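Quick notes on the structure that follows.
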Amino acid sequence: MNLTEKIFPDRFSLENKTAVVTGGAGLIGKKLVLGLAQAGATVIIGEINKKKGMELEKEYVKKGLKVKWMKLDIANINSIKSLINETVKKYNKIDIWINCAYPKTSDFGDRFEDMTSESLNTNVNMHMNGYILCCQQIVEQMKKQKQGSIINFGSTYGVVGPDFSIYEGTNMTNSAAYAAIKGGIINFTRYLASFCGKHGIRVNAICPGGIFDNQLEIFVKNYEKKTVLGRMGQPEDIAGPVIFLASDAASYVTGHIFMVDGGWTAI
């Protein structure tokens, strides 16, 4: 059936598609895995933490969903290659690759004045460079398939500067490395979309706003005052836009930076 002949709701279906979610057992990642699987995809939980990955696989399989945990360290090229090879061997293809992993060092939240060169280098290497390595490897597989959708996770703070006033009354701050990493991922997404278009591969970025994770009440109140919708995001708020970008409904969308921030960057 020609794509244009499909009934529109069917274009959002992910039936017969295989997806990989890096950081798949994380705060946002586990909701992405759930949403993609509920939309019909077979989903690989790419997760370095075996315990979390196995527990999530068990939970979702009980719900009748097609999910499987595979170990993945996005900073390790051999780990990336191994997951891709194993997935293709088992499922024949990878239609969707989502870079959602959030590796960071224990001092990642230090003030700019206290940031060390070692910490900066390590975080850039694990996070931004890890995304790039994942893309480099999955693009080669998707070239063979002549199709695929890659979705990178940026952030509002990869697009605009941080509002430090929302941290007043807390010991929290915003990492300079985070701004550099997410800004780099966003423009790398544009680069890769341009590079991959002739191969039928779409590349887009999702930029979430602040996601509620039991932060201090004063921070939450400060944050909510800044958003058009008056609240922080929930992990499930991110899943819908990701499903759209992964699906045939977004067949003419590439190189797009999709803000999912409750209106934070609109004002």
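Ligands are numbered from 1 in the order shown, chains are lettered A, B, ... in the order of the structure tokens, and residues start at 1 in each chain.
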
message: Quick check for you: according to DSSP on this backbone, which residues of region 55-194 of chain A are classed as strand (DSSP E)? Reply as a ChimeraX atom specification.
response: /A:67-71,96-99,148-153

Could the residues in this selection be saved with N, CA and C atoms as a JSON list (two decimals), in the first residue's frame?
[["chain", "number", "residue", "atom", "x", "y", "z"],
["A", 67, "VAL", "N", 9.30, -6.31, 24.49],
["A", 67, "VAL", "CA", 10.48, -5.57, 24.89],
["A", 67, "VAL", "C", 11.58, -6.54, 25.32],
["A", 68, "LYS", "N", 12.83, -6.10, 25.18],
["A", 68, "LYS", "CA", 13.96, -6.93, 25.59],
["A", 68, "LYS", "C", 15.10, -6.02, 26.04],
["A", 69, "TRP", "N", 15.70, -6.36, 27.19],
["A", 69, "TRP", "CA", 16.86, -5.61, 27.65],
["A", 69, "TRP", "C", 18.12, -6.12, 26.98],
["A", 70, "MET", "N", 18.97, -5.20, 26.55],
["A", 70, "MET", "CA", 20.32, -5.52, 26.11],
["A", 70, "MET", "C", 21.27, -4.51, 26.73],
["A", 71, "LYS", "N", 22.42, -4.98, 27.19],
["A", 71, "LYS", "CA", 23.38, -4.09, 27.82],
["A", 71, "LYS", "C", 23.95, -3.13, 26.78],
["A", 96, "ILE", "N", 14.12, 2.30, 14.31],
["A", 96, "ILE", "CA", 14.07, 3.50, 15.14],
["A", 96, "ILE", "C", 15.22, 3.43, 16.16],
["A", 97, "TRP", "N", 15.96, 4.51, 16.26],
["A", 97, "TRP", "CA", 17.02, 4.59, 17.28],
["A", 97, "TRP", "C", 16.83, 5.89, 18.05],
["A", 98, "ILE", "N", 16.69, 5.79, 19.37],
["A", 98, "ILE", "CA", 16.46, 6.96, 20.20],
["A", 98, "ILE", "C", 17.59, 7.12, 21.20],
["A", 99, "ASN", "N", 18.31, 8.22, 21.10],
["A", 99, "ASN", "CA", 19.40, 8.52, 22.03],
["A", 99, "ASN", "C", 18.85, 9.31, 23.21],
["A", 148, "GLY", "N", 14.99, 4.68, 8.08],
["A", 148, "GLY", "CA", 15.18, 4.68, 9.52],
["A", 148, "GLY", "C", 14.87, 6.03, 10.11],
["A", 149, "SER", "N", 14.61, 6.05, 11.41],
["A", 149, "SER", "CA", 14.35, 7.29, 12.14],
["A", 149, "SER", "C", 15.26, 7.34, 13.36],
["A", 150, "ILE", "N", 16.06, 8.39, 13.45],
["A", 150, "ILE", "CA", 16.93, 8.61, 14.60],
["A", 150, "ILE", "C", 16.41, 9.83, 15.36],
["A", 151, "ILE", "N", 16.29, 9.69, 16.68],
["A", 151, "ILE", "CA", 15.81, 10.79, 17.51],
["A", 151, "ILE", "C", 16.82, 11.02, 18.63],
["A", 152, "ASN", "N", 17.41, 12.20, 18.64],
["A", 152, "ASN", "CA", 18.37, 12.56, 19.69],
["A", 152, "ASN", "C", 17.69, 13.42, 20.75],
["A", 153, "PHE", "N", 18.14, 13.28, 21.98],
["A", 153, "PHE", "CA", 17.59, 14.10, 23.06],
["A", 153, "PHE", "C", 18.48, 15.31, 23.30]]

- request: Could you give me, as a PyMOL selection string, each residue of region 1-133 of chain A that DSSP assigns to helix (DSSP H, G or I) when run on this structure's backbone?
  value: chain A and resi 3-5+8-12+29-38+50-62+77-91+112-114+117-133

- request: Would you list the contacts of region 212-227 of chain A as a PyMOL selection string, taking every protein, DNA or RNA residue within 7 Å and counting only C-alpha atoms, but skipping same-chain residues closer than 5 positions in sequence?
  value: chain A and resi 166-167+232-234+262-264

field: region 124-126 of chain A surroundings by only C-alpha atoms, 8 Å radius, close-in-sequence under 3 positions cut, as an MDAnalysis selection string
entry: chainID A and resid 74:75 103:104 120:121 129:130 177 181

message: I'd like the neighbourhood of region 13-16 of chain A as a ChimeraX atom specification, where a residue qualifies if any of its atoms comes within 10 Å (using only C-alpha atoms), though same-chain residues fewer than 5 positions away should be ignored.
response: /A:8,36-42,91,95-96,243-244,246-249

- request: Please identify all polymer residues within 10 Å of Phe188 (chain A), counting only C-alpha atoms, omitting same-chain residues fewer than 6 positions from it, and present them as a PyMOL selection string.
  value: chain A and resi 128+131-132+152+182+194+203-205+255

Output for the residues just chosen: C-alpha atoms as an mmCIF file, in the first residue's frame:
data_model
loop_
_atom_site.group_PDB
_atom_site.id
_atom_site.type_symbol
_atom_site.label_atom_id
_atom_site.label_comp_id
_atom_site.auth_asym_id
_atom_site.auth_seq_id
_atom_site.Cartn_x
_atom_site.Cartn_y
_atom_site.Cartn_z
ATOM 1 C CA MET A 128 27.643 14.078 23.458
ATOM 2 C CA TYR A 131 25.381 10.024 20.981
ATOM 3 C CA ILE A 132 27.598 10.695 17.975
ATOM 4 C CA ASN A 152 18.366 12.562 19.689
ATOM 5 C CA LYS A 182 22.954 19.610 24.515
ATOM 6 C CA SER A 194 21.549 16.672 5.987
ATOM 7 C CA VAL A 203 17.067 12.559 12.044
ATOM 8 C CA ASN A 204 15.350 14.820 14.569
ATOM 9 C CA ALA A 205 15.851 16.066 18.111
ATOM 10 C CA GLY A 255 16.339 18.074 10.847
#

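Take the candidates A:Ala176, A:Ala101, A:Ile238, A:Ile94 and check each one against Thr116 (chain A) using only C-alpha atoms; the shortest distance goes to A:Ala176.
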
Please identify every residue of region 161-189 of chain A that has at least one atom no farther than 9 Å from an atom of region 105-109 of chain A, counting only C-alpha atoms, and for each give the shortest atom pair and the distance in Å to one decimal, arranged by chain then increasing number, as a tab-separated table.
residue	atom	partner	partner_atom	distance
A:Met172	CA	A:Gly109	CA	7.5
A:Thr173	CA	A:Gly109	CA	6.6
A:Asn174	CA	A:Gly109	CA	6.7
A:Ser175	CA	A:Gly109	CA	5.5
A:Ala176	CA	A:Gly109	CA	8.9
A:Ala177	CA	A:Phe108	CA	7.8
A:Tyr178	CA	A:Phe108	CA	8.3

Output the selection as a PDB file, in the first residue's frame - N, CA and C atoms for each residue.
ATOM      1  N   MET A 172      20.867  23.948  44.125  1.00  0.00           N
ATOM      2  CA  MET A 172      20.911  23.464  42.758  1.00  0.00           C
ATOM      3  C   MET A 172      21.487  24.538  41.829  1.00  0.00           C
ATOM      4  N   THR A 173      21.992  24.099  40.680  1.00  0.00           N
ATOM      5  CA  THR A 173      22.418  25.021  39.636  1.00  0.00           C
ATOM      6  C   THR A 173      22.310  24.300  38.303  1.00  0.00           C
ATOM      7  N   ASN A 174      22.711  24.978  37.238  1.00  0.00           N
ATOM      8  CA  ASN A 174      22.694  24.361  35.914  1.00  0.00           C
ATOM      9  C   ASN A 174      24.117  24.193  35.431  1.00  0.00           C
ATOM     10  N   SER A 175      24.426  23.013  34.921  1.00  0.00           N
ATOM     11  CA  SER A 175      25.793  22.693  34.527  1.00  0.00           C
ATOM     12  C   SER A 175      26.175  23.342  33.206  1.00  0.00           C
ATOM     13  N   ALA A 176      27.352  23.966  33.185  1.00  0.00           N
ATOM     14  CA  ALA A 176      27.869  24.537  31.942  1.00  0.00           C
ATOM     15  C   ALA A 176      28.121  23.438  30.921  1.00  0.00           C
ATOM     16  N   ALA A 177      28.579  22.278  31.395  1.00  0.00           N
ATOM     17  CA  ALA A 177      28.818  21.157  30.490  1.00  0.00           C
ATOM     18  C   ALA A 177      27.519  20.710  29.837  1.00  0.00           C
ATOM     19  N   TYR A 178      26.430  20.741  30.585  1.00  0.00           N
ATOM     20  CA  TYR A 178      25.123  20.332  30.050  1.00  0.00           C
ATOM     21  C   TYR A 178      24.728  21.228  28.872  1.00  0.00           C
TER      22      TYR A 178
END

field: Selected residue, from A:Gly46, A:Lys62, A:Ala239, A:Gly53, that lies nearest to Leu83 (chain A) when counting only C-alpha atoms
entry: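 Nearest to Leu83 (chain A): A:Gly46.
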
- request: Point out the residue among A:Gly240, A:Glu113, A:Lys50, A:Ile211 with the least atom-to-atom distance to Val33 (chain A), counting only C-alpha atoms.
  value: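 That would be A:Gly240, the residue with the smallest distance to Val33 (chain A).
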
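Nearest residue to Ile77 (chain A), choosing from A:Cys134, A:Val159, A:Leu229, A:Ile44 and counting only C-alpha atoms: A:Cys134.
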